[in-house]
$ cat protein24.csv   # CSV, C-alpha atoms
chain,number,residue,atom,x,y,z
A,16,MET,CA,9.7,7.2,-18.7
A,17,THR,CA,10.2,7.1,-14.9
A,18,THR,CA,9.3,3.7,-13.5
A,19,VAL,CA,8.2,3.3,-9.8
A,20,TRP,CA,8.1,-0.1,-8.1
A,21,THR,CA,6.2,-1.2,-5.0
A,22,ASN,CA,5.2,-4.7,-3.8
A,23,GLY,CA,3.2,-6.5,-1.1
A,24,CYS,CA,0.3,-8.9,-0.6
A,25,PHE,CA,-2.5,-6.4,-1.3
A,26,ASP,CA,-4.9,-9.1,0.0
A,27,VAL,CA,-7.8,-6.9,1.1
A,28,LEU,CA,-7.4,-3.4,-0.5
A,29,HIS,CA,-7.9,-0.6,2.0
A,30,ARG,CA,-7.4,3.2,2.1
A,31,GLY,CA,-3.8,2.8,3.2
A,32,HIS,CA,-3.0,0.7,0.1
A,33,ILE,CA,-4.7,3.2,-2.2
A,34,GLU,CA,-2.9,6.2,-0.8
A,35,MET,CA,0.4,4.5,-1.0
A,36,LEU,CA,-0.2,3.5,-4.6
A,37,GLU,CA,-1.3,7.0,-5.5
A,38,TYR,CA,1.8,8.4,-3.8
A,39,ALA,CA,4.1,5.9,-5.7
A,40,LYS,CA,2.5,6.9,-9.0
A,41,SER,CA,3.1,10.6,-8.2
A,42,LEU,CA,6.8,9.9,-8.3
A,43,GLY,CA,6.9,8.7,-11.9
A,44,THR,CA,5.0,7.9,-15.1
A,45,ARG,CA,4.8,4.1,-14.7
A,46,LEU,CA,3.8,2.2,-11.6
A,47,VAL,CA,4.6,-1.5,-11.4
A,48,VAL,CA,3.2,-3.4,-8.5
A,49,GLY,CA,4.6,-6.8,-7.4
A,50,ILE,CA,2.3,-9.1,-5.5
A,51,ASP,CA,3.0,-12.2,-3.4
A,52,SER,CA,1.8,-15.4,-4.9
A,53,ASP,CA,-0.9,-17.3,-3.0
A,54,GLN,CA,1.7,-19.9,-1.8
A,55,LYS,CA,4.0,-17.1,-0.5
A,56,VAL,CA,1.1,-15.4,1.4
A,57,LYS,CA,0.1,-18.7,3.0
A,58,LYS,CA,3.7,-19.3,4.0
A,59,ASP,CA,4.2,-15.7,5.4
A,60,LYS,CA,0.7,-15.0,6.8
A,61,GLY,CA,-0.8,-18.4,7.7
A,62,LEU,CA,-3.0,-21.1,6.2
A,63,ASP,CA,-6.2,-19.0,6.3
A,64,ARG,CA,-4.6,-16.4,3.9
A,65,PRO,CA,-4.8,-15.1,1.3
A,66,PHE,CA,-8.4,-13.9,1.6
A,67,ASN,CA,-8.4,-13.1,-2.2
A,68,THR,CA,-6.6,-15.2,-4.8
A,69,GLU,CA,-3.6,-13.9,-6.6
A,70,GLU,CA,-5.6,-13.5,-9.8
A,71,ASP,CA,-8.3,-11.6,-8.0
A,72,ARG,CA,-5.7,-9.3,-6.3
A,73,LYS,CA,-4.0,-8.8,-9.6
A,74,ALA,CA,-7.3,-7.9,-11.3
A,75,MET,CA,-8.3,-5.4,-8.5
A,76,LEU,CA,-4.9,-3.7,-8.7
A,77,ASN,CA,-5.0,-3.5,-12.5
A,78,SER,CA,-8.4,-1.8,-12.3
A,79,LEU,CA,-6.9,1.2,-10.4
A,80,ARG,CA,-5.9,4.2,-12.6
A,81,CYS,CA,-2.6,4.7,-10.8
A,82,VAL,CA,-1.4,1.1,-11.5
A,83,ASP,CA,0.2,0.4,-14.9
A,84,GLU,CA,1.3,-3.2,-14.5
A,85,VAL,CA,1.1,-6.0,-11.9
A,86,VAL,CA,3.5,-9.0,-11.6
A,87,ILE,CA,3.3,-12.0,-9.3
A,88,PHE,CA,6.3,-13.3,-7.5
A,89,ARG,CA,6.7,-16.6,-5.6
A,90,THR,CA,10.0,-16.2,-3.7
A,91,PRO,CA,12.3,-13.4,-2.5
A,92,GLN,CA,14.8,-14.3,-5.2
A,93,GLU,CA,12.1,-14.0,-7.9
A,94,LEU,CA,11.1,-10.6,-6.4
A,95,GLY,CA,14.7,-9.5,-6.7
A,96,ARG,CA,14.8,-10.6,-10.4
A,97,CYS,CA,11.5,-8.7,-11.1
A,98,ILE,CA,12.9,-5.5,-9.6
A,99,LYS,CA,16.2,-5.9,-11.5
A,100,ARG,CA,14.2,-6.4,-14.8
A,101,PHE,CA,12.2,-3.1,-14.3
A,102,ARG,CA,15.2,-1.1,-12.9
A,103,PRO,CA,12.9,1.5,-11.2
A,104,ALA,CA,13.9,5.0,-10.5
A,105,TYR,CA,12.0,4.8,-7.2
A,106,MET,CA,11.0,1.9,-5.0
A,107,VAL,CA,8.3,2.7,-2.5
A,108,VAL,CA,8.1,0.7,0.7
A,109,GLY,CA,6.3,1.1,4.0
A,110,SER,CA,8.0,3.1,6.7
A,111,ASP,CA,8.0,0.0,8.9
A,112,TRP,CA,10.9,-1.2,6.6
A,113,LYS,CA,13.3,1.6,7.7
A,114,GLY,CA,16.5,0.1,8.9
A,115,LYS,CA,15.7,-3.4,7.5
A,116,PRO,CA,17.0,-5.2,4.4
A,117,ILE,CA,14.8,-4.6,1.4
A,118,VAL,CA,14.8,-7.2,-1.3
A,119,GLY,CA,15.8,-5.6,-4.7
A,120,ALA,CA,16.6,-2.1,-3.2
A,121,ARG,CA,20.0,-2.1,-4.9
A,122,PHE,CA,18.3,-2.1,-8.3
A,123,ALA,CA,16.3,1.1,-7.6
A,124,LYS,CA,17.9,4.5,-7.8
A,125,GLU,CA,16.1,5.6,-4.7
A,126,VAL,CA,14.1,3.9,-1.9
A,127,CYS,CA,11.2,6.0,-0.7
A,128,TYR,CA,9.4,5.3,2.6
A,129,PHE,CA,5.6,5.7,2.9
A,130,GLU,CA,4.2,6.4,6.3
A,131,ARG,CA,1.2,4.2,7.3
A,132,VAL,CA,-2.2,5.8,7.0
A,133,GLY,CA,-3.9,5.5,10.3
A,134,ALA,CA,-4.2,2.0,11.7
A,135,TYR,CA,-5.1,0.4,8.4
A,136,SER,CA,-3.9,-3.2,8.2
A,137,THR,CA,-5.3,-6.1,6.3
A,138,THR,CA,-4.6,-8.5,9.2
A,139,GLU,CA,-6.4,-6.2,11.6
A,140,ILE,CA,-9.3,-5.8,9.2
A,141,LEU,CA,-9.6,-9.6,8.9
A,142,GLU,CA,-9.2,-10.2,12.6
A,143,GLY,CA,-11.7,-7.4,13.3
A,144,THR,CA,-14.2,-9.1,11.0
A,145,ASN,CA,-13.8,-12.3,12.9
A,146,LYS,CA,-14.1,-10.6,16.2
A,147,MET,CA,-17.2,-8.8,15.0
A,148,LYS,CA,-18.8,-12.1,14.0
A,149,LYS,CA,-18.0,-13.5,17.5
A,150,LYS,CA,-19.4,-10.5,19.4
A,151,THR,CA,-22.6,-10.1,17.4
A,152,THR,CA,-25.6,-11.9,19.0
A,153,PRO,CA,-29.3,-11.8,18.4
A,154,THR,CA,-29.7,-9.8,21.6
A,155,THR,CA,-27.6,-6.9,20.4
A,156,PRO,CA,-29.8,-3.8,20.6
A,157,ALA,CA,-30.3,-1.9,17.3
A,158,LEU,CA,-28.8,1.5,17.0
A,159,SER,CA,-31.1,4.4,16.1
A,160,GLU,CA,-30.7,6.2,12.8
A,161,GLY,CA,-29.6,9.3,14.5
A,162,THR,CA,-26.8,7.5,16.4
A,163,ILE,CA,-25.7,5.8,13.2
A,164,ARG,CA,-25.5,9.2,11.4
A,165,GLU,CA,-23.5,10.7,14.3
A,166,VAL,CA,-21.0,7.9,14.2
A,167,ILE,CA,-20.6,8.1,10.5
A,168,ASP,CA,-20.2,11.9,10.6
A,169,GLN,CA,-17.5,11.5,13.3
A,170,MET,CA,-15.7,8.8,11.3
A,171,LEU,CA,-15.8,11.0,8.2
A,172,ARG,CA,-14.4,14.0,10.1
A,173,THR,CA,-11.6,11.9,11.6
A,174,ALA,CA,-10.8,10.3,8.2
A,175,PHE,CA,-10.6,13.7,6.5
A,176,GLN,CA,-8.3,15.1,9.2
A,177,GLU,CA,-6.0,12.1,8.9
A,178,HIS,CA,-6.0,12.3,5.1
A,179,SER,CA,-5.2,16.1,5.2
A,180,ARG,CA,-2.2,15.6,7.5
A,181,HIS,CA,-1.0,12.7,5.5
A,182,MET,CA,-1.3,14.4,2.1
A,183,GLU,CA,0.5,17.5,3.6
A,184,SER,CA,3.4,15.3,4.6
A,185,HIS,CA,3.6,13.7,1.1
A,186,LEU,CA,3.4,17.1,-0.7
A,187,HIS,CA,6.3,18.2,1.4
A,188,ASP,CA,8.3,15.1,0.4
A,189,ILE,CA,7.5,15.8,-3.3
A,190,HIS,CA,8.5,19.4,-2.9
A,191,GLU,CA,11.8,18.4,-1.4
A,192,ARG,CA,12.5,16.0,-4.3
A,193,ILE,CA,11.8,18.7,-6.8
A,194,LEU,CA,14.2,21.0,-5.1
A,195,ARG,CA,16.9,18.3,-5.1
A,196,LEU,CA,16.3,17.6,-8.8
A,197,GLU,CA,16.6,21.4,-9.5
A,198,ARG,CA,19.8,21.6,-7.5
A,199,LYS,CA,21.2,18.6,-9.5
A,200,GLN,CA,20.4,20.2,-12.8
A,201,LYS,CA,22.2,23.5,-11.9
$ encode --input "protein24.csv" --output "structure tokens"
Amino acid sequence: MTTVWTNGCFDVLHRGHIEMLEYAKSLGTRLVVGIDSDQKVKKDKGLDRPFNTEEDRKAMLNSLRCVDEVVIFRTPQELGRCIKRFRPAYMVVGSDWKGKPIVGARFAKEVCYFERVGAYSTTEILEGTNKMKKKTTPTTPALSEGTIREVIDQMLRTAFQEHSRHMESHLHDIHERILRLERKQK
């Protein structure tokens, strides 16, 4: 069994999270996800976070086909102990962690970096929601059905193009890993 580890807040699940989790699962047979406790999220992100409780976040992640187990950690030290306990073959982290110290990396055989998908960010989503509430007024004109359809069509085209480019990059990474494994076996 090949265990893969990833961790984060996963406060408001979005497409970037899902694609990262699916990528992580593609590297092995068992995906373990560590999530920050509510207290840790408050400390790291601010008093108005998390948006969803740790139990709700755990339940949402556990409902995904690609996730096999979810554990909650309260401190960086506890995170390190969790990773050590699972001894993953692969640890998947966001590409924004390149060149930075990664808690528990020494317990994984390999650290894999996942490129961000578009501009998806829980913080941006939550701030955007707040900005939308502030900007919406009773005098805002209604959009026509045709305009709404045009906007949705454009958004879908853009999302599909981004997804295609992103998946091509990950398929290339998987292919490279297969080639490395084949060379090791020879």
$ atom_distance --input "protein24.csv" --atom1 "atom CA of Ala74 of chain A" --atom2 "atom CA of Gly49 of chain A"
12.6 Å
$ atom_distance --input "protein24.csv" --atom1 "atom CA of Lys115 of chain A" --atom2 "atom CA of Cys127 of chain A"
13.3 Å
$ atom_distance --input "protein24.csv" --atom1 "atom CA of Asp51 of chain A" --atom2 "atom CA of Asp188 of chain A"
28.1 Å
$ residues_near_point --input "protein24.csv" --point "(7.6, -1.1, -15.0)" --cutoff "10 Å" --atoms "only C-alpha atoms" --output "PDB file with C-alpha atoms, in the coordinates of the input"
ATOM      1  CA  MET A  16       9.700   7.200 -18.700  1.00  0.00           C
ATOM      2  CA  THR A  17      10.200   7.100 -14.900  1.00  0.00           C
ATOM      3  CA  THR A  18       9.300   3.700 -13.500  1.00  0.00           C
ATOM      4  CA  VAL A  19       8.200   3.300  -9.800  1.00  0.00           C
ATOM      5  CA  TRP A  20       8.100  -0.100  -8.100  1.00  0.00           C
ATOM      6  CA  THR A  44       5.000   7.900 -15.100  1.00  0.00           C
ATOM      7  CA  ARG A  45       4.800   4.100 -14.700  1.00  0.00           C
ATOM      8  CA  LEU A  46       3.800   2.200 -11.600  1.00  0.00           C
ATOM      9  CA  VAL A  47       4.600  -1.500 -11.400  1.00  0.00           C
ATOM     10  CA  VAL A  48       3.200  -3.400  -8.500  1.00  0.00           C
ATOM     11  CA  GLY A  49       4.600  -6.800  -7.400  1.00  0.00           C
ATOM     12  CA  VAL A  82      -1.400   1.100 -11.500  1.00  0.00           C
ATOM     13  CA  ASP A  83       0.200   0.400 -14.900  1.00  0.00           C
ATOM     14  CA  GLU A  84       1.300  -3.200 -14.500  1.00  0.00           C
ATOM     15  CA  VAL A  85       1.100  -6.000 -11.900  1.00  0.00           C
ATOM     16  CA  VAL A  86       3.500  -9.000 -11.600  1.00  0.00           C
ATOM     17  CA  CYS A  97      11.500  -8.700 -11.100  1.00  0.00           C
ATOM     18  CA  ILE A  98      12.900  -5.500  -9.600  1.00  0.00           C
ATOM     19  CA  ARG A 100      14.200  -6.400 -14.800  1.00  0.00           C
ATOM     20  CA  PHE A 101      12.200  -3.100 -14.300  1.00  0.00           C
ATOM     21  CA  ARG A 102      15.200  -1.100 -12.900  1.00  0.00           C
ATOM     22  CA  PRO A 103      12.900   1.500 -11.200  1.00  0.00           C
ATOM     23  CA  ALA A 104      13.900   5.000 -10.500  1.00  0.00           C
TER      24      ALA A 104
END
$ closest_residue --input "protein24.csv" --among "A:Val27, A:Ile33, A:Ala39, A:Ile163" --to "Thr68 of chain A" --atoms "only C-alpha atoms"
A:Val27
$ closest_residue --input "protein24.csv" --among "A:Ile50, A:Tyr128, A:Lys55, A:Pro116" --to "Asn77 of chain A" --atoms "only C-alpha atoms"
A:Ile50
$ residues_around --input "protein24.csv" --residues "Ala120 of chain A" --least-positions-apart "4" --cutoff "9 Å" --atoms "only C-alpha atoms" --output "number ranges by chain"
A: 95, 98, 106, 116, 124-126
$ residues_around --input "protein24.csv" --residues "Leu28 of chain A" --least-positions-apart "2" --cutoff "9 Å" --atoms "all atoms listed in the file" --output "mmCIF file with C-alpha atoms, keeping the file's coordinate frame"
data_model
loop_
_atom_site.group_PDB
_atom_site.id
_atom_site.type_symbol
_atom_site.label_atom_id
_atom_site.label_comp_id
_atom_site.auth_asym_id
_atom_site.auth_seq_id
_atom_site.Cartn_x
_atom_site.Cartn_y
_atom_site.Cartn_z
ATOM 1 C CA PHE A 25 -2.500 -6.400 -1.300
ATOM 2 C CA ASP A 26 -4.900 -9.100 0.000
ATOM 3 C CA ARG A 30 -7.400 3.200 2.100
ATOM 4 C CA GLY A 31 -3.800 2.800 3.200
ATOM 5 C CA HIS A 32 -3.000 0.700 0.100
ATOM 6 C CA ILE A 33 -4.700 3.200 -2.200
ATOM 7 C CA ARG A 72 -5.700 -9.300 -6.300
ATOM 8 C CA MET A 75 -8.300 -5.400 -8.500
ATOM 9 C CA LEU A 76 -4.900 -3.700 -8.700
ATOM 10 C CA THR A 137 -5.300 -6.100 6.300
#
$ residues_near_point --input "protein24.csv" --point "(2.3, 5.5, -1.6)" --cutoff "9 Å" --atoms "all atoms listed in the file" --output "short mmCIF file (atom, residue, chain, number, x, y, z; two decimals) with C-alpha atoms, in the frame of the given file"
data_model
loop_
_atom_site.label_atom_id
_atom_site.label_comp_id
_atom_site.auth_asym_id
_atom_site.auth_seq_id
_atom_site.Cartn_x
_atom_site.Cartn_y
_atom_site.Cartn_z
CA THR A 21 6.20 -1.20 -5.00
CA GLY A 31 -3.80 2.80 3.20
CA HIS A 32 -3.00 0.70 0.10
CA ILE A 33 -4.70 3.20 -2.20
CA GLU A 34 -2.90 6.20 -0.80
CA MET A 35 0.40 4.50 -1.00
CA LEU A 36 -0.20 3.50 -4.60
CA GLU A 37 -1.30 7.00 -5.50
CA TYR A 38 1.80 8.40 -3.80
CA ALA A 39 4.10 5.90 -5.70
CA LYS A 40 2.50 6.90 -9.00
CA SER A 41 3.10 10.60 -8.20
CA VAL A 107 8.30 2.70 -2.50
CA VAL A 108 8.10 0.70 0.70
CA GLY A 109 6.30 1.10 4.00
CA CYS A 127 11.20 6.00 -0.70
CA TYR A 128 9.40 5.30 2.60
CA PHE A 129 5.60 5.70 2.90
CA GLU A 130 4.20 6.40 6.30
CA HIS A 185 3.60 13.70 1.10
#
$ closest_residue --input "protein24.csv" --among "A:Lys57, A:Lys113, A:Arg121, A:His29" --to "Glu69 of chain A" --atoms "all atoms listed in the file"
A:Lys57
$ residues_around --input "protein24.csv" --residues "segment 59-63 of chain A" --least-positions-apart "5" --cutoff "10 Å" --atoms "only C-alpha atoms" --output "short mmCIF file (atom, residue, chain, number, x, y, z; two decimals) with C-alpha atoms, in the coordinates of the input"
data_model
loop_
_atom_site.label_atom_id
_atom_site.label_comp_id
_atom_site.auth_asym_id
_atom_site.auth_seq_id
_atom_site.Cartn_x
_atom_site.Cartn_y
_atom_site.Cartn_z
CA CYS A 24 0.30 -8.90 -0.60
CA ASP A 51 3.00 -12.20 -3.40
CA ASP A 53 -0.90 -17.30 -3.00
CA GLN A 54 1.70 -19.90 -1.80
CA THR A 138 -4.60 -8.50 9.20
#
$ closest_residue --input "protein24.csv" --among "A:Gly143, A:Asn22, A:Gly43, A:Gly119" --to "Tyr105 of chain A" --atoms "all atoms listed in the file"
A:Gly43
$ residues_around --input "protein24.csv" --residues "Val118 of chain A" --least-positions-apart "6" --cutoff "10 Å" --atoms "only C-alpha atoms" --output "count of residues only"
7
